[in-house]
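Shown next: data21.pdb, containing PDB, C-alpha atoms.
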```pdb
MODEL        1
ATOM      1  CA  MET A1471      85.641 140.865 146.988
ATOM      2  CA  LYS A1472      84.500 143.819 149.071
ATOM      3  CA  TYR A1473      83.272 145.708 146.020
ATOM      4  CA  VAL A1474      81.908 142.669 144.191
ATOM      5  CA  SER A1475      79.776 142.006 147.259
ATOM      6  CA  THR A1476      78.410 145.559 147.198
ATOM      7  CA  LEU A1477      77.625 145.229 143.508
ATOM      8  CA  LEU A1478      75.711 142.003 144.170
ATOM      9  CA  ILE A1479      73.842 143.531 147.121
ATOM     10  CA  GLY A1480      72.853 146.465 144.866
ATOM     11  CA  LEU A1481      71.715 143.970 142.247
ATOM     12  CA  LEU A1482      69.636 142.069 144.836
ATOM     13  CA  PHE A1483      68.036 145.351 145.934
ATOM     14  CA  GLY A1484      67.378 146.312 142.299
ATOM     15  CA  LEU A1485      65.816 142.934 141.493
ATOM     16  CA  GLY A1486      63.622 143.350 144.556
ATOM     17  CA  LEU A1487      62.445 146.683 143.132
ATOM     18  CA  VAL A1488      61.742 145.030 139.758
ATOM     19  CA  ILE A1489      59.906 141.962 141.093
ATOM     20  CA  SER A1490      57.838 143.905 143.618
ATOM     21  CA  GLY A1491      56.757 146.458 141.012
ATOM     22  CA  MET A1492      58.308 149.374 142.912
ATOM     23  CA  ILE A1493      60.271 150.215 139.750
ATOM     24  CA  ASN A1494      57.019 151.203 138.007
ATOM     25  CA  PRO A1495      55.904 154.742 138.973
ATOM     26  CA  GLN A1496      52.361 154.062 137.806
ATOM     27  CA  LYS A1497      52.084 151.211 140.296
ATOM     28  CA  VAL A1498      53.533 153.372 143.072
ATOM     29  CA  LEU A1499      50.969 156.081 142.309
ATOM     30  CA  GLY A1500      48.261 153.400 142.465
ATOM     31  CA  PHE A1501      49.434 152.598 145.998
ATOM     32  CA  LEU A1502      49.523 156.265 147.016
ATOM     33  CA  ASP A1503      46.077 156.932 145.520
ATOM     34  CA  ILE A1504      43.935 155.792 148.443
ATOM     35  CA  PHE A1505      40.913 157.688 147.155
ATOM     36  CA  GLY A1506      41.097 156.102 143.705
ATOM     37  CA  GLU A1507      41.332 152.431 142.778
ATOM     38  CA  TRP A1508      43.727 151.698 145.594
ATOM     39  CA  ASP A1509      46.427 149.140 144.800
ATOM     40  CA  ALA A1510      47.511 148.041 148.279
ATOM     41  CA  SER A1511      50.082 145.515 147.057
ATOM     42  CA  LEU A1512      53.086 147.760 147.644
ATOM     43  CA  ALA A1513      52.348 147.764 151.373
ATOM     44  CA  PHE A1514      53.610 144.180 151.214
ATOM     45  CA  VAL A1515      56.947 145.355 149.835
ATOM     46  CA  MET A1516      57.570 147.426 152.911
ATOM     47  CA  ALA A1517      56.116 144.782 155.233
ATOM     48  CA  GLY A1518      58.322 142.055 153.739
ATOM     49  CA  ALA A1519      61.416 144.244 153.763
ATOM     50  CA  VAL A1520      60.899 145.472 157.335
ATOM     51  CA  VAL A1521      60.255 142.004 158.787
ATOM     52  CA  VAL A1522      63.387 140.565 157.151
ATOM     53  CA  THR A1523      65.509 143.555 158.141
ATOM     54  CA  PHE A1524      64.153 143.593 161.699
ATOM     55  CA  PHE A1525      65.229 139.988 162.332
ATOM     56  CA  GLY A1526      68.349 140.301 160.195
ATOM     57  CA  TYR A1527      69.637 143.298 162.139
ATOM     58  CA  ARG A1528      69.134 141.378 165.382
ATOM     59  CA  TRP A1529      71.061 138.447 163.985
ATOM     60  CA  ILE A1530      73.908 140.796 163.011
ATOM     61  CA  GLY A1531      73.881 142.326 166.481
ATOM     62  CA  ARG A1532      75.675 139.235 167.803
ATOM     63  CA  ALA A1533      78.635 139.572 165.460
ATOM     64  CA  GLY A1534      81.547 141.782 166.515
ATOM     65  CA  LYS A1535      82.172 143.656 163.315
ATOM     66  CA  PRO A1536      81.155 143.698 159.653
ATOM     67  CA  TRP A1537      82.793 141.191 157.286
ATOM     68  CA  PHE A1538      84.517 143.918 155.264
ATOM     69  CA  GLY A1539      84.558 146.823 157.685
ATOM     70  CA  LEU A1540      85.632 147.932 161.126
ATOM     71  CA  THR A1541      82.405 149.219 162.647
ATOM     72  CA  TYR A1542      78.662 149.273 162.139
ATOM     73  CA  LYS A1543      77.667 152.794 161.168
ATOM     74  CA  ILE A1544      74.326 153.286 162.867
ATOM     75  CA  PRO A1545      72.774 156.769 163.003
ATOM     76  CA  ASN A1546      72.555 157.907 166.619
ATOM     77  CA  LEU A1547      70.224 160.895 166.205
ATOM     78  CA  SER A1548      67.026 160.557 168.204
ATOM     79  CA  GLN A1549      65.369 163.953 167.947
ATOM     80  CA  VAL A1550      62.429 164.557 165.614
ATOM     81  CA  ASP A1551      63.417 168.081 164.592
ATOM     82  CA  PRO A1552      61.840 170.560 162.153
ATOM     83  CA  LYS A1553      64.432 169.687 159.492
ATOM     84  CA  LEU A1554      63.377 166.045 159.516
ATOM     85  CA  ILE A1555      59.703 166.987 159.271
ATOM     86  CA  ILE A1556      60.165 169.559 156.490
ATOM     87  CA  GLY A1557      62.466 167.223 154.563
ATOM     88  CA  ALA A1558      60.008 164.322 154.816
ATOM     89  CA  ILE A1559      57.099 166.516 153.686
ATOM     90  CA  LEU A1560      59.081 167.730 150.663
ATOM     91  CA  PHE A1561      60.267 164.248 149.757
ATOM     92  CA  GLY A1562      56.681 162.982 149.914
ATOM     93  CA  VAL A1563      55.489 165.740 147.580
ATOM     94  CA  GLY A1564      58.184 164.883 145.022
ATOM     95  CA  TRP A1565      57.478 161.158 145.390
ATOM     96  CA  GLY A1566      53.740 161.713 144.882
ATOM     97  CA  LEU A1567      54.210 163.967 141.842
ATOM     98  CA  VAL A1568      55.577 161.231 139.574
ATOM     99  CA  GLY A1569      55.785 158.101 141.749
ATOM    100  CA  LEU A1570      59.576 157.908 141.990
ATOM    101  CA  CYS A1571      61.822 157.692 145.023
ATOM    102  CA  PRO A1572      65.624 157.481 144.693
ATOM    103  CA  GLY A1573      66.137 153.676 144.474
ATOM    104  CA  PRO A1574      63.514 152.974 141.802
ATOM    105  CA  ALA A1575      64.574 156.131 139.930
ATOM    106  CA  ILE A1576      68.068 154.666 139.484
ATOM    107  CA  ALA A1577      66.733 151.235 138.448
ATOM    108  CA  ALA A1578      64.181 152.740 136.040
ATOM    109  CA  PHE A1579      66.895 154.821 134.355
ATOM    110  CA  VAL A1580      67.970 151.780 132.349
ATOM    111  CA  VAL A1581      64.416 151.240 131.050
ATOM    112  CA  LYS A1582      63.336 154.851 130.357
ATOM    113  CA  PRO A1583      66.613 156.812 130.126
ATOM    114  CA  GLY A1584      65.059 159.967 128.654
ATOM    115  CA  ALA A1585      62.486 160.677 131.373
ATOM    116  CA  LEU A1586      64.713 159.400 134.154
ATOM    117  CA  LEU A1587      67.656 161.525 133.091
ATOM    118  CA  VAL A1588      65.518 164.616 133.669
ATOM    119  CA  PHE A1589      64.277 163.362 137.047
ATOM    120  CA  LEU A1590      67.741 162.265 138.203
ATOM    121  CA  ALA A1591      69.302 165.542 137.066
ATOM    122  CA  GLY A1592      66.764 167.358 139.240
ATOM    123  CA  MET A1593      67.344 164.965 142.139
ATOM    124  CA  VAL A1594      71.133 165.145 142.053
ATOM    125  CA  GLY A1595      71.004 168.924 141.595
ATOM    126  CA  GLY A1596      68.587 169.261 144.517
ATOM    127  CA  MET A1597      70.812 167.100 146.707
ATOM    128  CA  ALA A1598      73.941 169.078 145.822
ATOM    129  CA  VAL A1599      72.255 172.412 146.510
ATOM    130  CA  ALA A1600      70.616 171.253 149.750
ATOM    131  CA  ARG A1601      73.880 169.777 150.955
ATOM    132  CA  ARG A1602      75.704 173.029 150.367
ATOM    133  CA  PHE A1603      73.195 175.482 151.793
ATOM    134  CA  VAL A1604      70.974 173.691 154.242
ATOM    135  CA  GLN A1605      73.233 171.370 156.199
TER     136      GLN A1605
ATOM    137  CA  MET B1480      52.364 135.833 139.694
ATOM    138  CA  HIS B1481      49.879 137.537 141.941
ATOM    139  CA  ASP B1482      50.743 141.191 142.685
ATOM    140  CA  TYR B1483      50.666 140.710 146.442
ATOM    141  CA  LEU B1484      52.942 137.688 146.338
ATOM    142  CA  ALA B1485      55.332 139.461 143.955
ATOM    143  CA  ALA B1486      55.361 142.454 146.308
ATOM    144  CA  LEU B1487      56.130 140.231 149.284
ATOM    145  CA  ILE B1488      58.933 138.391 147.472
ATOM    146  CA  GLY B1489      60.414 141.652 146.169
ATOM    147  CA  GLY B1490      60.180 143.177 149.630
ATOM    148  CA  THR B1491      61.922 140.155 151.132
ATOM    149  CA  MET B1492      64.761 140.598 148.628
ATOM    150  CA  ILE B1493      65.039 144.287 149.531
ATOM    151  CA  GLY B1494      65.176 143.310 153.202
ATOM    152  CA  CYS B1495      67.900 140.717 152.503
ATOM    153  CA  ALA B1496      69.912 143.378 150.668
ATOM    154  CA  ALA B1497      69.579 145.731 153.662
ATOM    155  CA  VAL B1498      70.707 143.003 156.081
ATOM    156  CA  LEU B1499      73.653 141.975 153.875
ATOM    157  CA  LEU B1500      74.857 145.565 153.457
ATOM    158  CA  MET B1501      74.904 145.957 157.232
ATOM    159  CA  ALA B1502      76.482 142.538 157.837
ATOM    160  CA  ALA B1503      79.129 142.964 155.159
ATOM    161  CA  HIS B1504      79.912 146.663 155.321
ATOM    162  CA  GLY B1505      78.248 148.009 158.443
ATOM    163  CA  GLN B1506      76.195 150.452 156.388
ATOM    164  CA  ILE B1507      72.547 151.457 156.416
ATOM    165  CA  MET B1508      71.008 150.808 152.994
ATOM    166  CA  GLY B1509      69.683 154.295 152.325
ATOM    167  CA  VAL B1510      69.775 155.082 148.630
ATOM    168  CA  SER B1511      69.487 158.866 149.005
ATOM    169  CA  GLY B1512      72.413 158.874 151.449
ATOM    170  CA  ILE B1513      74.450 156.617 149.191
ATOM    171  CA  VAL B1514      73.900 158.962 146.224
ATOM    172  CA  LYS B1515      74.372 162.129 148.290
ATOM    173  CA  ASN B1516      77.842 161.060 149.385
ATOM    174  CA  LEU B1517      78.872 160.502 145.768
ATOM    175  CA  LEU B1518      78.395 164.224 145.147
ATOM    176  CA  PRO B1519      80.943 166.890 146.018
ATOM    177  CA  PRO B1520      82.274 167.068 148.659
ATOM    178  CA  ILE B1521      82.666 163.400 147.748
ATOM    179  CA  SER B1522      83.078 161.079 150.715
ATOM    180  CA  SER B1523      86.260 159.022 151.045
ATOM    181  CA  ASP B1524      84.309 155.747 151.009
ATOM    182  CA  TRP B1525      82.721 156.417 147.623
ATOM    183  CA  HIS B1526      83.840 153.104 146.102
ATOM    184  CA  TRP B1527      81.273 150.817 147.694
ATOM    185  CA  ARG B1528      78.582 153.424 147.014
ATOM    186  CA  ALA B1529      79.386 153.484 143.289
ATOM    187  CA  PHE B1530      79.355 149.674 143.131
ATOM    188  CA  PHE B1531      76.001 149.551 144.932
ATOM    189  CA  ILE B1532      74.497 151.975 142.390
ATOM    190  CA  ALA B1533      76.013 149.939 139.545
ATOM    191  CA  GLY B1534      74.307 146.852 140.999
ATOM    192  CA  ILE B1535      70.915 148.620 140.968
ATOM    193  CA  LEU B1536      71.478 149.597 137.325
ATOM    194  CA  LEU B1537      72.242 145.961 136.462
ATOM    195  CA  ALA B1538      68.880 144.731 137.786
ATOM    196  CA  PRO B1539      66.712 145.706 134.784
ATOM    197  CA  LEU B1540      69.404 144.326 132.452
ATOM    198  CA  VAL B1541      69.329 140.980 134.261
ATOM    199  CA  THR B1542      65.518 141.075 133.952
ATOM    200  CA  LEU B1543      65.877 141.702 130.210
ATOM    201  CA  PHE B1544      68.299 138.796 129.912
ATOM    202  CA  VAL B1545      66.097 136.382 131.882
ATOM    203  CA  ASN B1546      62.624 137.469 130.714
ATOM    204  CA  GLY B1547      63.432 138.773 127.261
ATOM    205  CA  GLU B1548      61.913 142.140 128.151
ATOM    206  CA  PHE B1549      62.407 145.084 130.478
ATOM    207  CA  PRO B1550      60.071 145.490 133.468
ATOM    208  CA  ASP B1551      57.168 147.913 132.988
ATOM    209  CA  VAL B1552      58.017 151.529 133.724
ATOM    210  CA  SER B1553      55.090 153.874 133.027
ATOM    211  CA  ILE B1554      55.902 157.464 133.827
ATOM    212  CA  THR B1555      54.870 160.959 132.815
ATOM    213  CA  ASN B1556      56.878 162.398 129.939
ATOM    214  CA  ASN B1557      56.327 165.992 131.013
ATOM    215  CA  PRO B1558      59.904 167.218 131.503
ATOM    216  CA  ILE B1559      58.944 170.086 133.818
ATOM    217  CA  VAL B1560      57.052 167.797 136.199
ATOM    218  CA  LEU B1561      59.929 165.297 136.113
ATOM    219  CA  LEU B1562      62.520 167.975 136.834
ATOM    220  CA  VAL B1563      60.528 169.606 139.636
ATOM    221  CA  ALA B1564      59.718 166.241 141.239
ATOM    222  CA  GLY B1565      63.372 165.216 141.075
ATOM    223  CA  LEU B1566      64.455 168.518 142.571
ATOM    224  CA  ILE B1567      62.023 168.243 145.498
ATOM    225  CA  VAL B1568      63.002 164.610 146.121
ATOM    226  CA  GLY B1569      66.675 165.621 146.136
ATOM    227  CA  VAL B1570      66.230 168.558 148.499
ATOM    228  CA  GLY B1571      63.747 166.718 150.739
ATOM    229  CA  THR B1572      65.858 163.589 151.195
ATOM    230  CA  VAL B1573      68.947 165.630 152.104
ATOM    231  CA  ILE B1574      67.097 167.857 154.597
ATOM    232  CA  GLY B1575      65.158 164.902 156.018
ATOM    233  CA  ASN B1576      68.177 162.568 156.056
ATOM    234  CA  GLY B1577      66.683 159.713 154.095
ATOM    235  CA  CYS B1578      64.108 158.228 151.782
ATOM    236  CA  THR B1579      61.976 155.105 151.444
ATOM    237  CA  SER B1580      64.911 152.706 151.844
ATOM    238  CA  GLY B1581      66.858 154.425 154.636
ATOM    239  CA  HIS B1582      63.933 155.586 156.793
ATOM    240  CA  GLY B1583      61.188 153.298 155.493
ATOM    241  CA  VAL B1584      63.047 149.972 155.552
ATOM    242  CA  CYS B1585      66.205 150.276 157.662
ATOM    243  CA  GLY B1586      64.956 152.915 160.103
ATOM    244  CA  LEU B1587      61.618 151.218 160.816
ATOM    245  CA  SER B1588      63.473 147.945 161.405
ATOM    246  CA  ARG B1589      65.674 149.663 163.982
ATOM    247  CA  ALA B1590      62.561 151.247 165.536
ATOM    248  CA  SER B1591      64.225 154.655 165.115
ATOM    249  CA  ILE B1592      61.769 157.295 166.264
ATOM    250  CA  ARG B1593      63.057 159.690 163.589
ATOM    251  CA  SER B1594      62.512 157.138 160.830
ATOM    252  CA  VAL B1595      59.054 156.187 162.068
ATOM    253  CA  ALA B1596      58.100 159.881 162.054
ATOM    254  CA  ALA B1597      59.694 160.540 158.648
ATOM    255  CA  THR B1598      58.067 157.478 157.045
ATOM    256  CA  CYS B1599      54.583 158.382 158.316
ATOM    257  CA  ILE B1600      55.070 161.963 157.148
ATOM    258  CA  PHE B1601      56.371 161.245 153.648
ATOM    259  CA  ILE B1602      53.773 158.563 152.927
ATOM    260  CA  PHE B1603      51.067 160.957 154.100
ATOM    261  CA  SER B1604      52.399 163.904 152.110
ATOM    262  CA  ALA B1605      52.796 161.694 149.019
ATOM    263  CA  MET B1606      49.171 160.515 149.368
ATOM    264  CA  VAL B1607      47.981 164.108 149.738
ATOM    265  CA  THR B1608      49.988 165.088 146.654
ATOM    266  CA  VAL B1609      48.485 162.254 144.590
ATOM    267  CA  TYR B1610      45.034 163.293 145.793
ATOM    268  CA  PHE B1611      45.643 166.862 144.602
ATOM    269  CA  VAL B1612      47.050 165.762 141.249
ATOM    270  CA  ARG B1613      44.425 163.109 140.482
ATOM    271  CA  HIS B1614      41.233 164.187 142.186
ATOM    272  CA  LEU B1615      41.198 167.987 142.327
TER     273      LEU B1615
ENDMDL
END
```

Starting from the coordinates I provided, produce the structure as structure tokens.
Amino acid sequence: MKYVSTLLIGLLFGLGLVISGMINPQKVLGFLDIFGEWDASLAFVMAGAVVVTFFGYRWIGRAGKPWFGLTYKIPNLSQVDPKLIIGAILFGVGWGLVGLCPGPAIAAFVVKPGALLVFLAGMVGGMAVARRFVQ
Amino acid sequence: MHDYLAALIGGTMIGCAAVLLMAAHGQIMGVSGIVKNLLPPISSDWHWRAFFIAGILLAPLVTLFVNGEFPDVSITNNPIVLLVAGLIVGVGTVIGNGCTSGHGVCGLSRASIRSVAATCIFIFSAMVTVYFVRHL
């Protein structure tokens, strides 16, 4: 049940990416292209997601522990350090180059396996290398 | 369906997924972190991560089943650009501890100062990148 629930939550997330249009890199680039024909619709993806999560997290806050776990694993870092800034800059550059961030890249793999295999190979390789040498 | 409404509905679903993952498993729904911990040294709780990824992969298949066609995915077919972009996304999300889902959705909802900073920075740097690629 624990793993079926995670599968269904992943599916819900993936369907959200499909319905919102986040799965389509061209649409994402349209949102990021504020000096072109700006497609502001994707701002509503983040707005919708943040509002739901904001209230949802508060609702969870009253429960003692997760349904299938022992503790809530909440990051407790609070320092904006150079690593965070450099990492965010790099991620933004990669995101802006083709319009893919990690979630949509995984979902889009099923639709365009050829192109996405190349992107995901780069992403997974980059993660493995960064994890080994930078952290 | 109007783009803005579709975006809002999709975003609401993404938010529900983030809330459910926290309620059910006590985990932040950050895709880059979920993938990162599936790589060596593989984390001991890799099972739920693998099932979450499998769920994402199912989404376009469910769309195909329901709609009779895959969702639109228009992307460059230049392999060098794809590889370089993937590489930078991989390195950047590990160094910066998160991506659009972890920082942009979960972190903003927690009002984490790190996530607010990261989200502003990566949206800005992505916009600058698109400006360079498309307008210069």

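With only C-alpha atoms as the atoms that count, the minimum distance from Leu1487 in chain B to the choices A:Val1594, A:Ala1517, A:Leu1485, A:Met1471 is reached by A:Ala1517.
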
Around the point (69.0, 142.5, 135.2), in the coordinates given by the file, pick out the residues reaching within 12 Å, counting only C-alpha atoms, and return them as a PyMOL selection string. (chain A and resi 1478+1480-1489+1577-1578+1580-1581) or (chain B and resi 1533-1550)

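Every protein, DNA or RNA residue with an atom at most 8 Å from range 1553-1558 of chain A, where only C-alpha atoms count and chain neighbours fewer than 5 positions away do not, is listed here: B:Val1570, B:Gly1571, B:Thr1572, B:Val1573, B:Ile1574, B:Gly1575, B:Asn1576, B:Cys1578, B:Arg1593, B:Ala1596, B:Ala1597, B:Thr1598, B:Ile1600, B:Phe1601.
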
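Pairwise distance (CA of Arg1613 in chain B, CA of Val1588 in chain A) equals 22.2 Å.
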
What do you get, as a VMD selection string, if you spell out every residue that the PyMOL selection byres ((chain A and resi 1514) around 8) selects here? (chain A and resid 1510 to 1513 1515 to 1518) or (chain B and resid 1483 1486 to 1487 1490)

Identify the residues around (63.7, 146.6, 157.1) within a radius of 12 Å, measuring from all atoms listed in the file in the coordinates stated by the file, and give them as JSON, numbers by chain. {"A": [1514, 1515, 1516, 1517, 1518, 1519, 1520, 1521, 1522, 1523, 1524, 1525, 1526, 1527, 1528], "B": [1490, 1491, 1492, 1493, 1494, 1495, 1496, 1497, 1498, 1499, 1500, 1501, 1507, 1508, 1509, 1579, 1580, 1581, 1582, 1583, 1584, 1585, 1586, 1587, 1588, 1589, 1590, 1591, 1594, 1595]}

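Interatomic distance, CA of Met1492 in chain A against CA of Ser1475 in chain A: 23.1 Å.
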
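Residue nearest Val1612 in chain B within the list B:Val1560, B:Leu1517, B:Ser1523, B:Ser1511: B:Val1560 [criterion: smallest interatomic distance, all atoms listed in the file].
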
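For the pair CA of Leu1566 in chain B and CA of Ser1522 in chain B, the interatomic distance is 21.6 Å.
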
Can you tell me which residues surround Ser1604 in chain B at a distance of at most 6 Å, considering all atoms listed in the file, apart from same-chain residues fewer than 4 positions away, and format the answer as a tab-separated table (two decimals) with C-alpha atoms, keeping the file's coordinate frame?
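Result written to result-v1.tsv:
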```
chain	number	residue	atom	x	y	z
A	1559	ILE	CA	57.10	166.52	153.69
A	1562	GLY	CA	56.68	162.98	149.91
A	1563	VAL	CA	55.49	165.74	147.58
```

Incomplete range 1528-1551 of chain A filled out to N, CA, C and O atoms as a compact mmCIF listing (two decimals), in the coordinates of the input:
```txt
# COMPACT_ATOMS: atom_id res chain seq x y z
N ARG A 1528 68.93 141.99 164.07
CA ARG A 1528 69.13 141.38 165.38
C ARG A 1528 70.16 140.25 165.31
O ARG A 1528 71.00 140.08 166.19
N TRP A 1529 70.10 139.53 164.21
CA TRP A 1529 71.06 138.45 163.98
C TRP A 1529 72.48 139.04 163.87
O TRP A 1529 73.44 138.53 164.46
N ILE A 1530 72.60 140.15 163.16
CA ILE A 1530 73.91 140.80 163.01
C ILE A 1530 74.43 141.28 164.36
O ILE A 1530 75.62 141.22 164.63
N GLY A 1531 73.50 141.75 165.20
CA GLY A 1531 73.88 142.33 166.48
C GLY A 1531 74.81 141.45 167.30
O GLY A 1531 75.54 141.93 168.15
N ARG A 1532 74.83 140.14 167.03
CA ARG A 1532 75.68 139.24 167.80
C ARG A 1532 77.10 139.16 167.26
O ARG A 1532 77.99 138.65 167.92
N ALA A 1533 77.29 139.62 166.03
CA ALA A 1533 78.64 139.57 165.46
C ALA A 1533 79.42 140.81 165.89
O ALA A 1533 78.85 141.87 166.09
N GLY A 1534 80.71 140.68 166.03
CA GLY A 1534 81.55 141.78 166.52
C GLY A 1534 81.69 142.92 165.54
O GLY A 1534 81.53 144.08 165.90
N LYS A 1535 82.02 142.60 164.31
CA LYS A 1535 82.17 143.66 163.32
C LYS A 1535 81.79 143.16 161.93
O LYS A 1535 81.69 141.95 161.70
N PRO A 1536 81.56 144.11 161.00
CA PRO A 1536 81.16 143.70 159.65
C PRO A 1536 82.25 142.86 158.97
O PRO A 1536 83.42 142.99 159.31
N TRP A 1537 81.83 142.05 158.00
CA TRP A 1537 82.79 141.19 157.29
C TRP A 1537 83.89 142.01 156.61
O TRP A 1537 85.04 141.63 156.62
N PHE A 1538 83.53 143.14 156.02
CA PHE A 1538 84.52 143.92 155.26
C PHE A 1538 84.74 145.30 155.87
O PHE A 1538 85.16 146.22 155.18
N GLY A 1539 84.41 145.48 157.11
CA GLY A 1539 84.56 146.82 157.68
C GLY A 1539 84.99 146.74 159.13
O GLY A 1539 85.16 145.65 159.69
N LEU A 1540 85.17 147.90 159.75
CA LEU A 1540 85.63 147.93 161.13
C LEU A 1540 84.49 148.11 162.12
O LEU A 1540 84.50 147.55 163.21
N THR A 1541 83.51 148.94 161.73
CA THR A 1541 82.40 149.22 162.65
C THR A 1541 81.07 149.25 161.91
O THR A 1541 81.03 149.45 160.70
N TYR A 1542 80.01 149.06 162.68
CA TYR A 1542 78.66 149.27 162.14
C TYR A 1542 78.34 150.75 162.25
O TYR A 1542 78.45 151.33 163.33
N LYS A 1543 77.97 151.36 161.14
CA LYS A 1543 77.67 152.79 161.17
C LYS A 1543 76.16 152.99 161.31
O LYS A 1543 75.42 152.95 160.34
N ILE A 1544 75.75 153.14 162.55
CA ILE A 1544 74.33 153.29 162.87
C ILE A 1544 74.07 154.74 163.26
O ILE A 1544 74.76 155.27 164.13
N PRO A 1545 73.09 155.39 162.62
CA PRO A 1545 72.77 156.77 163.00
C PRO A 1545 72.39 156.83 164.48
O PRO A 1545 71.68 155.95 164.97
N ASN A 1546 72.89 157.83 165.19
CA ASN A 1546 72.56 157.91 166.62
C ASN A 1546 71.69 159.12 166.97
O ASN A 1546 71.56 159.48 168.12
N LEU A 1547 71.12 159.77 165.93
CA LEU A 1547 70.22 160.90 166.20
C LEU A 1547 68.91 160.33 166.76
O LEU A 1547 68.49 159.25 166.38
N SER A 1548 68.28 161.07 167.67
CA SER A 1548 67.03 160.56 168.20
C SER A 1548 65.96 161.64 168.30
O SER A 1548 64.87 161.39 168.79
N GLN A 1549 66.29 162.83 167.81
CA GLN A 1549 65.37 163.95 167.95
C GLN A 1549 64.57 164.15 166.66
O GLN A 1549 65.15 164.22 165.58
N VAL A 1550 63.25 164.20 166.77
CA VAL A 1550 62.43 164.56 165.61
C VAL A 1550 62.43 166.08 165.54
O VAL A 1550 61.73 166.74 166.28
N ASP A 1551 63.28 166.62 164.66
CA ASP A 1551 63.42 168.08 164.59
C ASP A 1551 62.71 168.63 163.35
O ASP A 1551 62.27 167.88 162.48
```
